[in-house]
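In what follows, a single structure is set out as structure tokens and then discussed.
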2 protein chains.
Amino acid sequence: MIAPLIKNIQSKIQLTEEEIKLFADSWKEKKLDKNDLLFKTGDICRYDSFVISGCVKAFYIHPTTGKEEILFFAIEDWWATDLDSFSNQSPSDYTIQALEDTLLLQISHDAFEKLLKAIPKLERYFRLILHGYISAIQKRIILTNAHSAEERYIEFVKRYPKIIQKVPQYLIASYLGITPEFLSKIRAKRSLGNY
Amino acid sequence: MIAPLIKNIQSKIQLTEEEIKLFADSWKEKKLDKNDLLFKTGDICRYDSFVISGCVKAFYIHPTTGKEEILFFAIEDWWATDLDSFSNQSPSDYTIQALEDTLLLQISHDAFEKLLKAIPKLERYFRLILHGYISAIQKRIILTNAHSAEERYIEFVKRYPKIIQKVPQYLIASYLGITPEFLSKIRAKRSLGNY
DNA sequence: CGAAAATTTGACATGACTCAACTGGAGTGG
DNA sequence: CCACTCCAGTTGAGTCATGTCAAATTTTCG
């Protein structure tokens, strides 16, 4: 089951057979049932987790209203980790929860650092991963600040068609920074316009 | 003038004397006068730039309204680069412009890749830099999606007091995703409340 | 089938925007 | 050193996008 991760890595860097072996041995499978938590606010994110299948949401709980604010969704081939909490082994501001039965590959912080020492090339891989994430998140910032809720929704549908299929609408609304009611109205309006 | 950059790096990784020398020789100083462009939308971001002194803004130009949407500000000890454009040597979606006379250290894409090959430890440094940026930008997303304009402004003042001092208010407004008029009203209301 | 959850719909409220007028400070040139 | 201009910032009136709350409807799932 580690094949997808290896493949992902080899799309960015080259590994020898030995390195692959060492690498593969460092990761453990973890199953989450639907609604299981990976960790919650205040917990330490003890593992870096790569999603093999399924889907999770990462969210922040607003301290006064108690509402969930979606930070991201992760489906197969994405990472589901609070970087900050994982790197510093400090309490996380976020919660990650499975939206359906989900299979992860995990590595502990210690094992992760050991692995990086053993295969320094991996620093590059992870740098490139973060890089790609930054590109995406910067676009999201621009979209949020400069475009209407409707435009953001259209863009989301275009960019993440797989996620749309898996995730309930009220969570998409949260990701977009709007209320579920308003997203519903946007959709109603659009389906009229499409005649 | 490269001392601040070396210092920044050594806060995350260790370099030998030789490595420092090699490193230092790879960077060139660049001066920007106030209002000079580092690059503009459609240009390729040819250099990775580290700010020694001064201040720049990175912004996106809305295609229909033509308005500037601020992506970030960079002052001393920050990076002022479009990662995507720099890494792929592809046209940038953004423009970076000096808000005051600014001194940069720059490295070309080729030299950068050579440097990483010569000193692979630097992959780690840059990974950690991206990492820190992601933490910050994720907080910004949450703040934008879940908090009022006033809360976002208060948080900005707290987090970036130096930038507040340098940057005109209408650009702060753009960073926060609100109009300058509305930011002005928020400030007026707050200064009343503070008696 | 029935209960709970998600989505839709409608009436109303409000935060934030637009536009236009006004104020005040920072150059600039005579 | 004044007069002028220019731009950032402020203020106010009116509007619009989005939020709130509550009820009705549909979907999901035990």
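To be explicit about the labels: the chains of the structure tokens are called A, B, and onward in the order shown, and within each one the residues are counted from 1, while ligands get numbers from 1 in the order they are shown.
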Inset, instruction - Name the residues of range 38-193 of chain B that fall into helix (DSSP H, G or I) according to DSSP on the backbone, using the chain letters and numbers of this document, as a PyMOL selection string. - result: chain B and resi 83-88+109-118+121-146+149-159+161-166+169-176+180-193
For C-alpha atoms, I'd like the residues from the last selection saved as a CSV table (one decimal), in the first residue's frame.
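Here's the written file selection28.csv:
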```
chain,number,residue,atom,x,y,z
B,83,LEU,CA,8.0,30.7,-5.8
B,84,ASP,CA,6.0,29.3,-8.7
B,85,SER,CA,7.4,31.6,-11.3
B,86,PHE,CA,11.0,31.3,-9.9
B,87,SER,CA,11.0,27.5,-9.7
B,88,ASN,CA,9.4,26.8,-13.1
B,109,HIS,CA,17.5,30.1,-10.8
B,110,ASP,CA,20.5,28.3,-12.3
B,111,ALA,CA,22.8,29.5,-9.5
B,112,PHE,CA,20.2,28.5,-7.0
B,113,GLU,CA,20.0,24.9,-8.3
B,114,LYS,CA,23.8,24.7,-8.4
B,115,LEU,CA,24.0,26.0,-4.8
B,116,LEU,CA,21.5,23.4,-3.7
B,117,LYS,CA,23.6,20.7,-5.3
B,118,ALA,CA,26.8,21.9,-3.8
B,121,LYS,CA,21.8,21.0,3.6
B,122,LEU,CA,20.2,24.1,2.1
B,123,GLU,CA,17.3,22.0,0.9
B,124,ARG,CA,16.5,21.7,4.6
B,125,TYR,CA,16.8,25.4,5.2
B,126,PHE,CA,14.5,26.3,2.4
B,127,ARG,CA,12.1,23.6,3.5
B,128,LEU,CA,11.9,25.1,6.9
B,129,ILE,CA,11.4,28.6,5.5
B,130,LEU,CA,8.5,27.4,3.4
B,131,HIS,CA,7.2,25.6,6.4
B,132,GLY,CA,7.1,28.8,8.5
B,133,TYR,CA,5.4,30.7,5.7
B,134,ILE,CA,2.7,28.0,5.5
B,135,SER,CA,1.9,28.3,9.2
B,136,ALA,CA,1.4,32.0,8.8
B,137,ILE,CA,-0.6,31.8,5.6
B,138,GLN,CA,-2.9,29.2,7.1
B,139,LYS,CA,-3.6,31.4,10.0
B,140,ARG,CA,-4.4,34.1,7.6
B,141,ILE,CA,-6.9,31.9,5.8
B,142,ILE,CA,-8.7,31.1,9.0
B,143,LEU,CA,-8.7,34.7,10.0
B,144,THR,CA,-10.2,35.8,6.7
B,145,ASN,CA,-12.9,33.1,6.6
B,146,ALA,CA,-14.0,33.2,10.2
B,149,ALA,CA,-12.8,42.9,9.2
B,150,GLU,CA,-12.2,44.6,12.5
B,151,GLU,CA,-10.8,41.4,14.1
B,152,ARG,CA,-8.5,40.9,11.1
B,153,TYR,CA,-7.2,44.4,11.4
B,154,ILE,CA,-6.5,44.1,15.1
B,155,GLU,CA,-4.7,40.9,14.5
B,156,PHE,CA,-2.6,42.4,11.7
B,157,VAL,CA,-1.5,45.3,13.9
B,158,LYS,CA,-0.5,42.9,16.6
B,159,ARG,CA,1.3,40.5,14.3
B,161,PRO,CA,3.7,46.2,13.9
B,162,LYS,CA,6.7,47.1,11.7
B,163,ILE,CA,4.7,46.8,8.5
B,164,ILE,CA,2.0,49.0,9.9
B,165,GLN,CA,4.6,51.8,10.3
B,166,LYS,CA,5.8,51.5,6.7
B,169,GLN,CA,-3.4,52.3,5.0
B,170,TYR,CA,-5.0,51.6,1.7
B,171,LEU,CA,-2.6,48.8,1.0
B,172,ILE,CA,-3.2,47.3,4.5
B,173,ALA,CA,-6.9,47.3,3.6
B,174,SER,CA,-6.2,45.4,0.4
B,175,TYR,CA,-4.1,42.9,2.3
B,176,LEU,CA,-7.1,42.4,4.6
B,180,PRO,CA,-9.8,51.6,2.3
B,181,GLU,CA,-12.9,53.5,3.3
B,182,PHE,CA,-14.1,50.7,5.5
B,183,LEU,CA,-10.7,50.3,7.2
B,184,SER,CA,-10.9,54.0,7.9
B,185,LYS,CA,-14.2,53.6,9.5
B,186,ILE,CA,-13.0,50.7,11.6
B,187,ARG,CA,-10.2,52.8,12.9
B,188,ALA,CA,-12.5,55.7,13.7
B,189,LYS,CA,-14.8,53.5,15.6
B,190,ARG,CA,-11.9,52.0,17.6
B,191,SER,CA,-10.3,55.2,18.6
B,192,LEU,CA,-13.6,56.3,20.0
B,193,GLY,CA,-14.0,53.1,21.9
```
Fewer than 2 positions away in the same chain doesn't count, so skip those; otherwise give me all residues within 10 Å of range 18-24 of chain C, counting only C-alpha atoms (C1' of nucleotides), as a PDB file with N, CA and C atoms (P, O5', C5', C4', C3', O3' and C1' of nucleotides), in the first residue's frame.
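Once everything was written out, this is selection.pdb:
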```
ATOM      1  N   THR B 179     -12.133  47.462   1.744  1.00  0.00           N
ATOM      2  CA  THR B 179     -11.869  48.733   1.067  1.00  0.00           C
ATOM      3  C   THR B 179     -11.179  49.697   2.041  1.00  0.00           C
ATOM      4  N   GLU B 181     -11.903  52.753   2.558  1.00  0.00           N
ATOM      5  CA  GLU B 181     -12.921  53.513   3.295  1.00  0.00           C
ATOM      6  C   GLU B 181     -13.377  52.754   4.535  1.00  0.00           C
TER       7      GLU B 181
ATOM      8  P    DA C  26       3.233  65.691   6.507  1.00  0.00           P
ATOM      9  O5'  DA C  26       3.360  65.534   4.924  1.00  0.00           O
ATOM     10  C5'  DA C  26       3.035  64.280   4.307  1.00  0.00           C
ATOM     11  C4'  DA C  26       3.661  64.252   2.927  1.00  0.00           C
ATOM     12  C3'  DA C  26       5.083  64.792   2.892  1.00  0.00           C
ATOM     13  O3'  DA C  26       5.808  64.049   1.907  1.00  0.00           O
ATOM     14  C1'  DA C  26       3.672  66.208   1.625  1.00  0.00           C
TER      15       DA C  26
ATOM     16  P    DA D   8      -2.331  57.658  -2.800  1.00  0.00           P
ATOM     17  O5'  DA D   8      -2.563  57.744  -1.234  1.00  0.00           O
ATOM     18  C5'  DA D   8      -1.458  58.036  -0.396  1.00  0.00           C
ATOM     19  C4'  DA D   8      -1.969  58.395   0.973  1.00  0.00           C
ATOM     20  C3'  DA D   8      -2.878  57.337   1.591  1.00  0.00           C
ATOM     21  O3'  DA D   8      -2.498  57.177   2.937  1.00  0.00           O
ATOM     22  C1'  DA D   8      -4.039  59.412   1.399  1.00  0.00           C
ATOM     23  P    DG D   9      -3.266  56.163   3.857  1.00  0.00           P
ATOM     24  O5'  DG D   9      -4.449  57.048   4.427  1.00  0.00           O
ATOM     25  C5'  DG D   9      -4.146  58.071   5.363  1.00  0.00           C
ATOM     26  C4'  DG D   9      -5.424  58.791   5.692  1.00  0.00           C
ATOM     27  C3'  DG D   9      -6.545  57.889   6.241  1.00  0.00           C
ATOM     28  O3'  DG D   9      -6.826  58.341   7.552  1.00  0.00           O
ATOM     29  C1'  DG D   9      -7.345  59.401   4.593  1.00  0.00           C
ATOM     30  P    DT D  10      -7.986  57.707   8.422  1.00  0.00           P
ATOM     31  O5'  DT D  10      -9.240  58.652   8.141  1.00  0.00           O
ATOM     32  C5'  DT D  10      -9.142  60.033   8.482  1.00  0.00           C
ATOM     33  C4'  DT D  10     -10.447  60.717   8.158  1.00  0.00           C
ATOM     34  C3'  DT D  10     -11.690  60.061   8.758  1.00  0.00           C
ATOM     35  O3'  DT D  10     -12.335  61.047   9.547  1.00  0.00           O
ATOM     36  C1'  DT D  10     -12.030  60.549   6.466  1.00  0.00           C
ATOM     37  P    DT D  11     -13.466  60.675  10.591  1.00  0.00           P
ATOM     38  O5'  DT D  11     -14.823  61.071   9.851  1.00  0.00           O
ATOM     39  C5'  DT D  11     -14.888  62.260   9.084  1.00  0.00           C
ATOM     40  C4'  DT D  11     -16.123  62.248   8.217  1.00  0.00           C
ATOM     41  C3'  DT D  11     -17.307  61.436   8.763  1.00  0.00           C
ATOM     42  O3'  DT D  11     -18.387  62.346   8.929  1.00  0.00           O
ATOM     43  C1'  DT D  11     -16.947  60.999   6.454  1.00  0.00           C
ATOM     44  P    DG D  12     -19.773  61.909   9.606  1.00  0.00           P
ATOM     45  O5'  DG D  12     -20.720  61.720   8.337  1.00  0.00           O
ATOM     46  C5'  DG D  12     -20.812  62.757   7.368  1.00  0.00           C
ATOM     47  C4'  DG D  12     -21.773  62.348   6.278  1.00  0.00           C
ATOM     48  C3'  DG D  12     -22.925  61.460   6.764  1.00  0.00           C
ATOM     49  O3'  DG D  12     -24.126  61.914   6.134  1.00  0.00           O
ATOM     50  C1'  DG D  12     -21.766  60.353   5.037  1.00  0.00           C
ATOM     51  P    DA D  13     -25.522  61.231   6.426  1.00  0.00           P
ATOM     52  O5'  DA D  13     -25.976  60.785   4.974  1.00  0.00           O
ATOM     53  C5'  DA D  13     -25.635  61.570   3.810  1.00  0.00           C
ATOM     54  C4'  DA D  13     -26.196  60.864   2.588  1.00  0.00           C
ATOM     55  C3'  DA D  13     -27.467  60.062   2.872  1.00  0.00           C
ATOM     56  O3'  DA D  13     -28.306  60.098   1.728  1.00  0.00           O
ATOM     57  C1'  DA D  13     -25.722  58.586   2.254  1.00  0.00           C
ATOM     58  P    DG D  14     -29.642  59.214   1.677  1.00  0.00           P
ATOM     59  O5'  DG D  14     -29.209  57.975   0.781  1.00  0.00           O
ATOM     60  C5'  DG D  14     -28.723  58.218  -0.547  1.00  0.00           C
ATOM     61  C4'  DG D  14     -28.311  56.897  -1.147  1.00  0.00           C
ATOM     62  C3'  DG D  14     -29.408  55.817  -1.089  1.00  0.00           C
ATOM     63  O3'  DG D  14     -29.478  55.200  -2.369  1.00  0.00           O
ATOM     64  C1'  DG D  14     -27.426  54.989  -0.136  1.00  0.00           C
ATOM     65  P    DT D  15     -30.461  53.953  -2.636  1.00  0.00           P
ATOM     66  O5'  DT D  15     -29.415  52.769  -2.692  1.00  0.00           O
ATOM     67  C5'  DT D  15     -28.243  52.913  -3.530  1.00  0.00           C
ATOM     68  C4'  DT D  15     -27.480  51.612  -3.534  1.00  0.00           C
ATOM     69  C3'  DT D  15     -28.341  50.360  -3.703  1.00  0.00           C
ATOM     70  O3'  DT D  15     -27.756  49.585  -4.732  1.00  0.00           O
ATOM     71  C1'  DT D  15     -26.955  50.128  -1.801  1.00  0.00           C
ATOM     72  P    DC D  16     -28.370  48.246  -5.251  1.00  0.00           P
ATOM     73  O5'  DC D  16     -27.325  47.173  -4.729  1.00  0.00           O
ATOM     74  C5'  DC D  16     -25.928  47.445  -4.844  1.00  0.00           C
ATOM     75  C4'  DC D  16     -25.202  46.296  -4.191  1.00  0.00           C
ATOM     76  C3'  DC D  16     -25.861  44.948  -4.460  1.00  0.00           C
ATOM     77  O3'  DC D  16     -24.799  44.037  -4.646  1.00  0.00           O
ATOM     78  C1'  DC D  16     -25.751  45.325  -2.137  1.00  0.00           C
TER      79       DC D  16
END
```
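Counting only C-alpha atoms, the residue from B:Ile119, B:Leu38, B:Val167, B:Val51 that sits nearest to Gln14 in chain B is B:Ile119.
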Inset, instruction - Write down, as a list in words, each residue of chain C that has any atom within 9 Å of an atom of chain A, counting only C-alpha atoms (C1' of nucleotides). - result: DA6, DT7, DT8 and DT9 of chain C
Inset, instruction - Find the residues near Val56 in chain A: any atom within 8 Å, counting only C-alpha atoms (C1' of nucleotides), skip ones fewer than 3 places away on the same chain, and give them as a PyMOL selection string. - result: chain A and resi 73-75+80+96-100+102
Just the selected residues (C-alpha atoms), exported as a CSV table (one decimal), in the first residue's frame, please.
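What landed in result-v1.csv:
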```
chain,number,residue,atom,x,y,z
A,73,PHE,CA,-9.7,18.7,2.8
A,74,ALA,CA,-7.3,15.9,2.0
A,75,ILE,CA,-8.0,13.0,-0.4
A,80,ALA,CA,-3.1,15.5,6.2
A,96,ILE,CA,-8.4,16.5,11.6
A,97,GLN,CA,-11.3,14.1,11.2
A,98,ALA,CA,-12.2,11.5,8.7
A,99,LEU,CA,-15.2,12.2,6.4
A,100,GLU,CA,-15.3,8.6,5.3
A,102,THR,CA,-9.8,6.5,5.3
```
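The space separating C1' of DT27 in chain D from CA of Lys67 in chain A comes to 23.5 Å.
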Inset, instruction - Can you pull out every residue within 10 Å of Asp77 in chain B, counting only C-alpha atoms (C1' of nucleotides), but drop anything in the same chain fewer than 3 positions away, and send it as an MDAnalysis selection string? - result: chainID B and resid 4:5 7:8 50:53 74 80 104
Using 12 Å as the limit and counting only C-alpha atoms (C1' of nucleotides), can you tabulate each residue of chain D that touches chain A, with its shortest atom-to-atom distance in Å and the two atoms involved, as JSON lines?
```
{"residue": "D:DA17", "atom": "C1'", "partner": "A:Ser148", "partner_atom": "CA", "distance": 8.5}
{"residue": "D:DT18", "atom": "C1'", "partner": "A:Phe182", "partner_atom": "CA", "distance": 7.1}
{"residue": "D:DG19", "atom": "C1'", "partner": "A:Thr179", "partner_atom": "CA", "distance": 7.4}
{"residue": "D:DT20", "atom": "C1'", "partner": "A:Glu181", "partner_atom": "CA", "distance": 9.8}
{"residue": "D:DC21", "atom": "C1'", "partner": "A:Glu181", "partner_atom": "CA", "distance": 11.0}
{"residue": "D:DT27", "atom": "C1'", "partner": "A:Pro168", "partner_atom": "CA", "distance": 11.6}
{"residue": "D:DT28", "atom": "C1'", "partner": "A:Pro168", "partner_atom": "CA", "distance": 11.7}
```
Keeping only C-alpha atoms (C1' of nucleotides), write the selected residues to a file as a tab-separated table (two decimals), in the first residue's frame.
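Writing done, so here's selection-v4.tsv:
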```tsv
chain	number	residue	atom	x	y	z
D	17	DA	C1'	-23.79	40.99	-0.80
D	18	DT	C1'	-23.97	38.02	2.60
D	19	DG	C1'	-25.54	36.68	7.24
D	20	DT	C1'	-29.25	35.20	10.67
D	21	DC	C1'	-33.06	32.77	12.03
D	27	DT	C1'	-31.75	12.96	1.66
D	28	DT	C1'	-29.32	9.64	4.35
```
What's the 8 Å shell around Asp43 in chain B, counting only C-alpha atoms (C1' of nucleotides), without same-chain residues fewer than 5 positions away, as an mmCIF file with C-alpha atoms, in the first residue's frame?
```cif
data_model
loop_
_atom_site.group_PDB
_atom_site.id
_atom_site.type_symbol
_atom_site.label_atom_id
_atom_site.label_comp_id
_atom_site.auth_asym_id
_atom_site.auth_seq_id
_atom_site.Cartn_x
_atom_site.Cartn_y
_atom_site.Cartn_z
ATOM 1 C CA SER B 90 7.242 30.542 -15.932
ATOM 2 C CA PRO B 91 5.280 33.813 -16.150
ATOM 3 C CA SER B 92 4.236 35.169 -12.806
#
```
Legend entry - d(CA of Asn35 in chain A, CA of Ile61 in chain A) in Å: 16.1 Å
Legend entry - Sel. of strand (DSSP E) residues, range 2-195 of chain A, as a ChimeraX atom specification: /A:28-32,37-39,47-53,55-61,68-75,94-98,102-108
Write the residues of the preceding selection, restricted to C-alpha atoms, as a PDB file, in the first residue's frame.
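The new file part_14.pdb reads:
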```
ATOM      1  CA  LYS A  28       2.920   2.437   9.057  1.00  0.00           C
ATOM      2  CA  GLU A  29      -0.593   2.042   7.839  1.00  0.00           C
ATOM      3  CA  LYS A  30      -3.391   3.554   9.843  1.00  0.00           C
ATOM      4  CA  LYS A  31      -7.086   3.097   9.303  1.00  0.00           C
ATOM      5  CA  LEU A  32      -9.624   5.701  10.257  1.00  0.00           C
ATOM      6  CA  LEU A  37     -10.282  11.970  14.722  1.00  0.00           C
ATOM      7  CA  LEU A  38      -6.663  11.949  13.666  1.00  0.00           C
ATOM      8  CA  PHE A  39      -5.962  14.526  16.358  1.00  0.00           C
ATOM      9  CA  TYR A  47       2.513  11.701  12.795  1.00  0.00           C
ATOM     10  CA  ASP A  48       2.995  13.006   9.329  1.00  0.00           C
ATOM     11  CA  SER A  49       0.125  11.394   7.420  1.00  0.00           C
ATOM     12  CA  PHE A  50      -0.254  10.701   3.727  1.00  0.00           C
ATOM     13  CA  VAL A  51      -3.712   9.803   2.459  1.00  0.00           C
ATOM     14  CA  ILE A  52      -3.911   6.569   0.465  1.00  0.00           C
ATOM     15  CA  SER A  53      -7.684   6.536   0.159  1.00  0.00           C
ATOM     16  CA  CYS A  55     -11.015  11.793   2.798  1.00  0.00           C
ATOM     17  CA  VAL A  56     -10.354  13.940   5.849  1.00  0.00           C
ATOM     18  CA  LYS A  57     -11.114  17.505   6.838  1.00  0.00           C
ATOM     19  CA  ALA A  58      -8.835  19.827   8.801  1.00  0.00           C
ATOM     20  CA  PHE A  59     -10.633  22.549  10.692  1.00  0.00           C
ATOM     21  CA  TYR A  60     -10.286  25.249  13.264  1.00  0.00           C
ATOM     22  CA  ILE A  61     -12.862  25.705  15.993  1.00  0.00           C
ATOM     23  CA  GLU A  68     -15.892  24.735  12.576  1.00  0.00           C
ATOM     24  CA  GLU A  69     -13.860  26.591   9.988  1.00  0.00           C
ATOM     25  CA  ILE A  70     -12.458  24.321   7.306  1.00  0.00           C
ATOM     26  CA  LEU A  71      -8.763  24.764   6.600  1.00  0.00           C
ATOM     27  CA  PHE A  72      -8.459  22.054   3.974  1.00  0.00           C
ATOM     28  CA  PHE A  73      -9.677  18.706   2.752  1.00  0.00           C
ATOM     29  CA  ALA A  74      -7.273  15.891   1.959  1.00  0.00           C
ATOM     30  CA  ILE A  75      -8.019  12.989  -0.363  1.00  0.00           C
ATOM     31  CA  TYR A  94      -6.581  22.364  14.336  1.00  0.00           C
ATOM     32  CA  THR A  95      -8.524  19.138  14.291  1.00  0.00           C
ATOM     33  CA  ILE A  96      -8.378  16.515  11.582  1.00  0.00           C
ATOM     34  CA  GLN A  97     -11.276  14.125  11.172  1.00  0.00           C
ATOM     35  CA  ALA A  98     -12.214  11.450   8.662  1.00  0.00           C
ATOM     36  CA  THR A 102      -9.752   6.482   5.300  1.00  0.00           C
ATOM     37  CA  LEU A 103      -6.400   4.763   4.914  1.00  0.00           C
ATOM     38  CA  LEU A 104      -3.256   6.656   5.863  1.00  0.00           C
ATOM     39  CA  LEU A 105       0.469   6.107   5.889  1.00  0.00           C
ATOM     40  CA  GLN A 106       2.112   7.557   8.944  1.00  0.00           C
ATOM     41  CA  ILE A 107       5.539   8.321  10.296  1.00  0.00           C
ATOM     42  CA  SER A 108       6.439   9.614  13.747  1.00  0.00           C
TER      43      SER A 108
END
```
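Shortest atom-to-atom contact with chain A among B:Ser26, B:Thr65, B:Ser11, B:Thr16: B:Thr65, counting only C-alpha atoms.
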Legend entry - Separation of CA of Trp78 in chain A from CA of Trp27 in chain A, in Å and rounded to one decimal: 15.4 Å
